[in-house]
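Heads up: the structure comes next, in C-alpha cells.
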Amino acid sequence: MHGPVPARLTSYPQGCKPGLSTVAAPCASGHGFCVKYRRVGQVKYQSVRGTRQAIENWEAVVELLVQDISSDVAYCRWVTFLLDTGSDMTIVPRTFVHDNAFPFEKRVGLVPLLGLTGRVVTAGVFEACLSLVSPRRGTPGLTFRMPILVPEEWYGKHAVLGLDVLRQIHIVSDREFVSLWPQACGECPSGSK
C-alpha cells in the first residue's frame, strides 16, 4: 500500500477559478483542482478554559459551469459555489440563473429545503450538468450530470456544492487549499503496493 504522495501545484487559483495540482505515483497519477480557502468576516475571540482563542470562519468557493439539461432551452452560465459538506444536495438558486433556465414545468420534483436560518423554502428538482473547467488547455475537467435543487428564494451569496457532488470525488484539505481529485478509475496493477 502506498502512503500519501504530495501533490505539486502547477497552476495557482485565480479568484473563484480553480488552480491545477498534479501527482505522479503508482496507482495515483493524475491531476486535481485546488481551491484556496478565504477568511469570511471578522476574527472573533472566545475564552476557553481561561485562555483567549481566536475563532475564524473560512470558506472555499469555486466557479462551475452550470448547464440546464431539463428542457430544450440551451442554457449555460458560470456560477460560484460554496463547497458545503453539510448540504446533502447541490443548490443553484433561481436568482443565479437566467429566467429561461430550469422552467418550472420541466421540474422532476418539488421539495422543502431547510437552511441554517431555520426557514423552509420550496425548491424545484431539475436535471443539470455541472462542469469544473480546467485552467489548462488539454487537461480534462470534472463533469457531473445530476439533479439539482433550484429554490425560488435564497439569501446566500453563493450556490451550494453539496455531498451529492462531493462524494463523487476525493477531497484533500490542508491549511491553504482544498483539492478536488477525480475518483480512481481502476485497481492497482498486480505487484504494485
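Convention: chains lettered A, B, ... in C-alpha cells order; per-chain residue numbering from 1; ligands numbered from 1 as shown.
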Query - Non-local contacts of Gly19 of chain A (8 Å; only C-alpha atoms; under 6 positions in same chain excluded) as a PyMOL selection string - result: chain A and resi 9-13+33-35+134-135
Write out the residues from the selection above, keeping all heavy atoms, as a JSON list (two decimals), in the first residue's frame.
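Everything below was put into part34.json:
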[["chain", "number", "residue", "atom", "x", "y", "z"],
["A", 9, "LEU", "N", 1.62, 21.87, -6.97],
["A", 9, "LEU", "CA", 0.75, 22.91, -7.51],
["A", 9, "LEU", "C", 1.35, 23.39, -8.83],
["A", 9, "LEU", "O", 2.46, 23.90, -8.86],
["A", 9, "LEU", "CB", 0.64, 24.07, -6.52],
["A", 9, "LEU", "CG", -0.34, 25.18, -6.82],
["A", 9, "LEU", "CD1", -1.76, 24.64, -6.83],
["A", 9, "LEU", "CD2", -0.22, 26.28, -5.79],
["A", 10, "THR", "N", 0.64, 23.18, -9.93],
["A", 10, "THR", "CA", 1.15, 23.56, -11.25],
["A", 10, "THR", "C", 0.48, 24.80, -11.81],
["A", 10, "THR", "O", 0.95, 25.36, -12.79],
["A", 10, "THR", "CB", 1.01, 22.39, -12.25],
["A", 10, "THR", "OG1", -0.35, 21.99, -12.31],
["A", 10, "THR", "CG2", 1.86, 21.21, -11.85],
["A", 11, "SER", "N", -0.62, 25.21, -11.22],
["A", 11, "SER", "CA", -1.33, 26.40, -11.67],
["A", 11, "SER", "C", -2.06, 26.97, -10.45],
["A", 11, "SER", "O", -2.85, 26.27, -9.82],
["A", 11, "SER", "CB", -2.32, 26.01, -12.77],
["A", 11, "SER", "OG", -3.23, 27.04, -13.02],
["A", 12, "TYR", "N", -1.77, 28.19, -10.08],
["A", 12, "TYR", "CA", -2.33, 28.80, -8.87],
["A", 12, "TYR", "C", -3.77, 29.24, -9.10],
["A", 12, "TYR", "O", -4.11, 29.74, -10.17],
["A", 12, "TYR", "CB", -1.48, 30.00, -8.46],
["A", 12, "TYR", "CG", -1.64, 30.37, -7.02],
["A", 12, "TYR", "CD1", -0.99, 29.65, -6.03],
["A", 12, "TYR", "CD2", -2.45, 31.42, -6.63],
["A", 12, "TYR", "CE1", -1.14, 29.98, -4.69],
["A", 12, "TYR", "CE2", -2.61, 31.76, -5.31],
["A", 12, "TYR", "CZ", -1.95, 31.03, -4.34],
["A", 12, "TYR", "OH", -2.12, 31.34, -3.01],
["A", 13, "PRO", "N", -4.67, 29.05, -8.11],
["A", 13, "PRO", "CA", -6.06, 29.50, -8.26],
["A", 13, "PRO", "C", -6.13, 31.02, -8.43],
["A", 13, "PRO", "O", -5.38, 31.74, -7.81],
["A", 13, "PRO", "CB", -6.72, 29.09, -6.96],
["A", 13, "PRO", "CG", -5.76, 28.27, -6.21],
["A", 13, "PRO", "CD", -4.42, 28.43, -6.82],
["A", 33, "PHE", "N", -7.86, 19.63, -8.80],
["A", 33, "PHE", "CA", -8.11, 21.06, -8.84],
["A", 33, "PHE", "C", -8.04, 21.61, -7.42],
["A", 33, "PHE", "O", -8.61, 21.02, -6.51],
["A", 33, "PHE", "CB", -9.47, 21.33, -9.46],
["A", 33, "PHE", "CG", -9.56, 20.78, -10.85],
["A", 33, "PHE", "CD1", -10.04, 19.50, -11.08],
["A", 33, "PHE", "CD2", -9.10, 21.53, -11.92],
["A", 33, "PHE", "CE1", -10.09, 18.98, -12.35],
["A", 33, "PHE", "CE2", -9.14, 21.01, -13.20],
["A", 33, "PHE", "CZ", -9.62, 19.74, -13.42],
["A", 34, "CYS", "N", -7.34, 22.71, -7.25],
["A", 34, "CYS", "CA", -7.21, 23.28, -5.90],
["A", 34, "CYS", "C", -7.97, 24.60, -5.81],
["A", 34, "CYS", "O", -8.00, 25.37, -6.75],
["A", 34, "CYS", "CB", -5.75, 23.46, -5.54],
["A", 34, "CYS", "SG", -4.81, 24.43, -6.71],
["A", 35, "VAL", "N", -8.60, 24.77, -4.67],
["A", 35, "VAL", "CA", -9.38, 25.97, -4.39],
["A", 35, "VAL", "C", -8.83, 26.56, -3.10],
["A", 35, "VAL", "O", -8.68, 25.85, -2.11],
["A", 35, "VAL", "CB", -10.88, 25.61, -4.22],
["A", 35, "VAL", "CG1", -11.69, 26.85, -3.89],
["A", 35, "VAL", "CG2", -11.41, 24.92, -5.47],
["A", 134, "SER", "N", -11.00, 22.95, -16.41],
["A", 134, "SER", "CA", -9.57, 23.01, -16.12],
["A", 134, "SER", "C", -8.99, 24.35, -16.55],
["A", 134, "SER", "O", -9.34, 24.88, -17.60],
["A", 134, "SER", "CB", -8.85, 21.89, -16.87],
["A", 134, "SER", "OG", -7.45, 22.02, -16.68],
["A", 135, "PRO", "N", -8.06, 24.90, -15.75],
["A", 135, "PRO", "CA", -7.41, 26.15, -16.15],
["A", 135, "PRO", "C", -6.37, 25.94, -17.25],
["A", 135, "PRO", "O", -5.88, 26.89, -17.82],
["A", 135, "PRO", "CB", -6.74, 26.63, -14.86],
["A", 135, "PRO", "CG", -6.51, 25.39, -14.08],
["A", 135, "PRO", "CD", -7.64, 24.46, -14.43]]
Report task. With a distance cut-off of 7 Å and only C-alpha atoms, select the neighbouring residues of Lys36 of chain A, excluding the residue or stretch itself and same-chain residues fewer than 4 positions from it, and output the selection as a ChimeraX atom specification. Result -> /A:13,60,176-178
Query raised in the report: Tell me, which residues of segment 121-169 of chain A carry DSSP helix (DSSP H, G or I), written as a ChimeraX atom specification?
Result: /A:163-166
Requested in this report: Using only C-alpha atoms, determine which residues lie at most 9 Å from Leu180 of chain A, disregarding the query and same-chain residues fewer than 3 positions distant; provide the list as a count of residues only.
Outcome: 10
Report task. Please provide as a PyMOL selection string all residues within 7 Å of Val43 of chain A, with the sequence filter that same-chain residues fewer than 3 positions apart are discarded (counting only C-alpha atoms). Result -> chain A and resi 54-56
Requested in this report: Identify, with DSSP run on backbone atoms, the residues in segment 17-191 of chain A assigned to strand (DSSP E or B), and express the list as a VMD selection string.
Outcome: chain A and resid 17 19 to 23 30 to 48 51 to 68 75 to 83 91 109 to 114 120 to 132 142 to 151 159 to 161 169 to 173 177 to 182
Query raised in the report: atom CA of Ser179 of chain A and atom CA of Tyr37 of chain A are how many Å apart?
Result: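 Distance between the two atoms: 10.4 Å.
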Query raised in the report: Restricting the calculation to only C-alpha atoms, which member of A:Gln14, A:Gln183, A:Thr51, A:Thr90 is positioned closest to Arg145 of chain A?
Result: A:Thr90
Query - Spatial neighbours of Val165 of chain A, 9 Å, only C-alpha atoms, chain gap at least 6 places, as a list in words - result: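 Those residues are Met89, Thr90, Phe144 and Met146 of chain A.
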Any chance you could export the current selection's N, CA and C atoms as a tab-separated table (two decimals), in the first residue's frame?
chain	number	residue	atom	x	y	z
A	89	MET	N	-27.56	17.98	-0.93
A	89	MET	CA	-27.72	18.16	-2.38
A	89	MET	C	-27.16	19.50	-2.82
A	90	THR	N	-26.87	19.59	-4.10
A	90	THR	CA	-26.38	20.82	-4.71
A	90	THR	C	-27.55	21.76	-4.96
A	144	PHE	N	-20.34	16.63	-13.81
A	144	PHE	CA	-21.34	15.93	-13.01
A	144	PHE	C	-22.71	16.15	-13.64
A	146	MET	N	-26.55	15.46	-13.02
A	146	MET	CA	-27.29	15.09	-11.82
A	146	MET	C	-28.49	16.00	-11.58
Query - For Gly41 of chain A, the nearest of the candidates A:Arg77, A:Glu152, A:Lys17, A:Trp58, counting only C-alpha atoms - result: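 Looking at the shortest contact to Gly41 of chain A, the residue is A:Trp58.
Rounded to one decimal, atom CA of Phe126 of chain A and atom CA of Val73 of chain A lie 12.9 Å from each other.
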Requested in this report: Skip Asn100 of chain A itself and residues of its chain fewer than 3 positions away, then list as a list in words all residues within 9 Å of it, counting only C-alpha atoms.
Outcome: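 Close residues of Asn100 of chain A: Val73, Tyr75, Val97 and Pro103 of chain A.
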Restricting it to N, CA, C and O atoms, dump the selection as a PDB file, in the first residue's frame.
ATOM      1  N   VAL A  73     -34.235  24.376 -23.711  1.00  0.00           N
ATOM      2  CA  VAL A  73     -33.551  25.664 -23.669  1.00  0.00           C
ATOM      3  C   VAL A  73     -32.043  25.422 -23.598  1.00  0.00           C
ATOM      4  O   VAL A  73     -31.570  24.696 -22.727  1.00  0.00           O
ATOM      5  N   TYR A  75     -28.927  26.524 -22.339  1.00  0.00           N
ATOM      6  CA  TYR A  75     -28.542  27.481 -21.319  1.00  0.00           C
ATOM      7  C   TYR A  75     -27.296  27.010 -20.582  1.00  0.00           C
ATOM      8  O   TYR A  75     -27.243  25.888 -20.085  1.00  0.00           O
ATOM      9  N   VAL A  97     -29.491  32.267 -12.033  1.00  0.00           N
ATOM     10  CA  VAL A  97     -29.574  31.806 -13.421  1.00  0.00           C
ATOM     11  C   VAL A  97     -30.570  32.675 -14.199  1.00  0.00           C
ATOM     12  O   VAL A  97     -31.351  33.412 -13.625  1.00  0.00           O
ATOM     13  N   PRO A 103     -37.113  25.812 -16.456  1.00  0.00           N
ATOM     14  CA  PRO A 103     -38.532  26.204 -16.423  1.00  0.00           C
ATOM     15  C   PRO A 103     -39.319  25.317 -15.448  1.00  0.00           C
ATOM     16  O   PRO A 103     -39.130  24.105 -15.398  1.00  0.00           O
TER      17      PRO A 103
END
Query raised in the report: Out of A:Thr85, A:Gly30, A:Val40, A:Glu127, which residue has the shortest atom-to-atom distance to Asp72 of chain A when counting only C-alpha atoms?
Result: A:Glu127
Query raised in the report: Which one is closest to Leu113 of chain A: A:Leu142, A:Ala101, A:Val125, A:Leu130? Count only C-alpha atoms.
Result: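 Ranking A:Leu142, A:Ala101, A:Val125, A:Leu130 by distance to Leu113 of chain A, first place goes to A:Val125.
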Query raised in the report: Which one is closest to Thr143 of chain A: A:Leu65, A:Leu20, A:Val121, A:Val48? Count only C-alpha atoms.
Result: A:Leu65
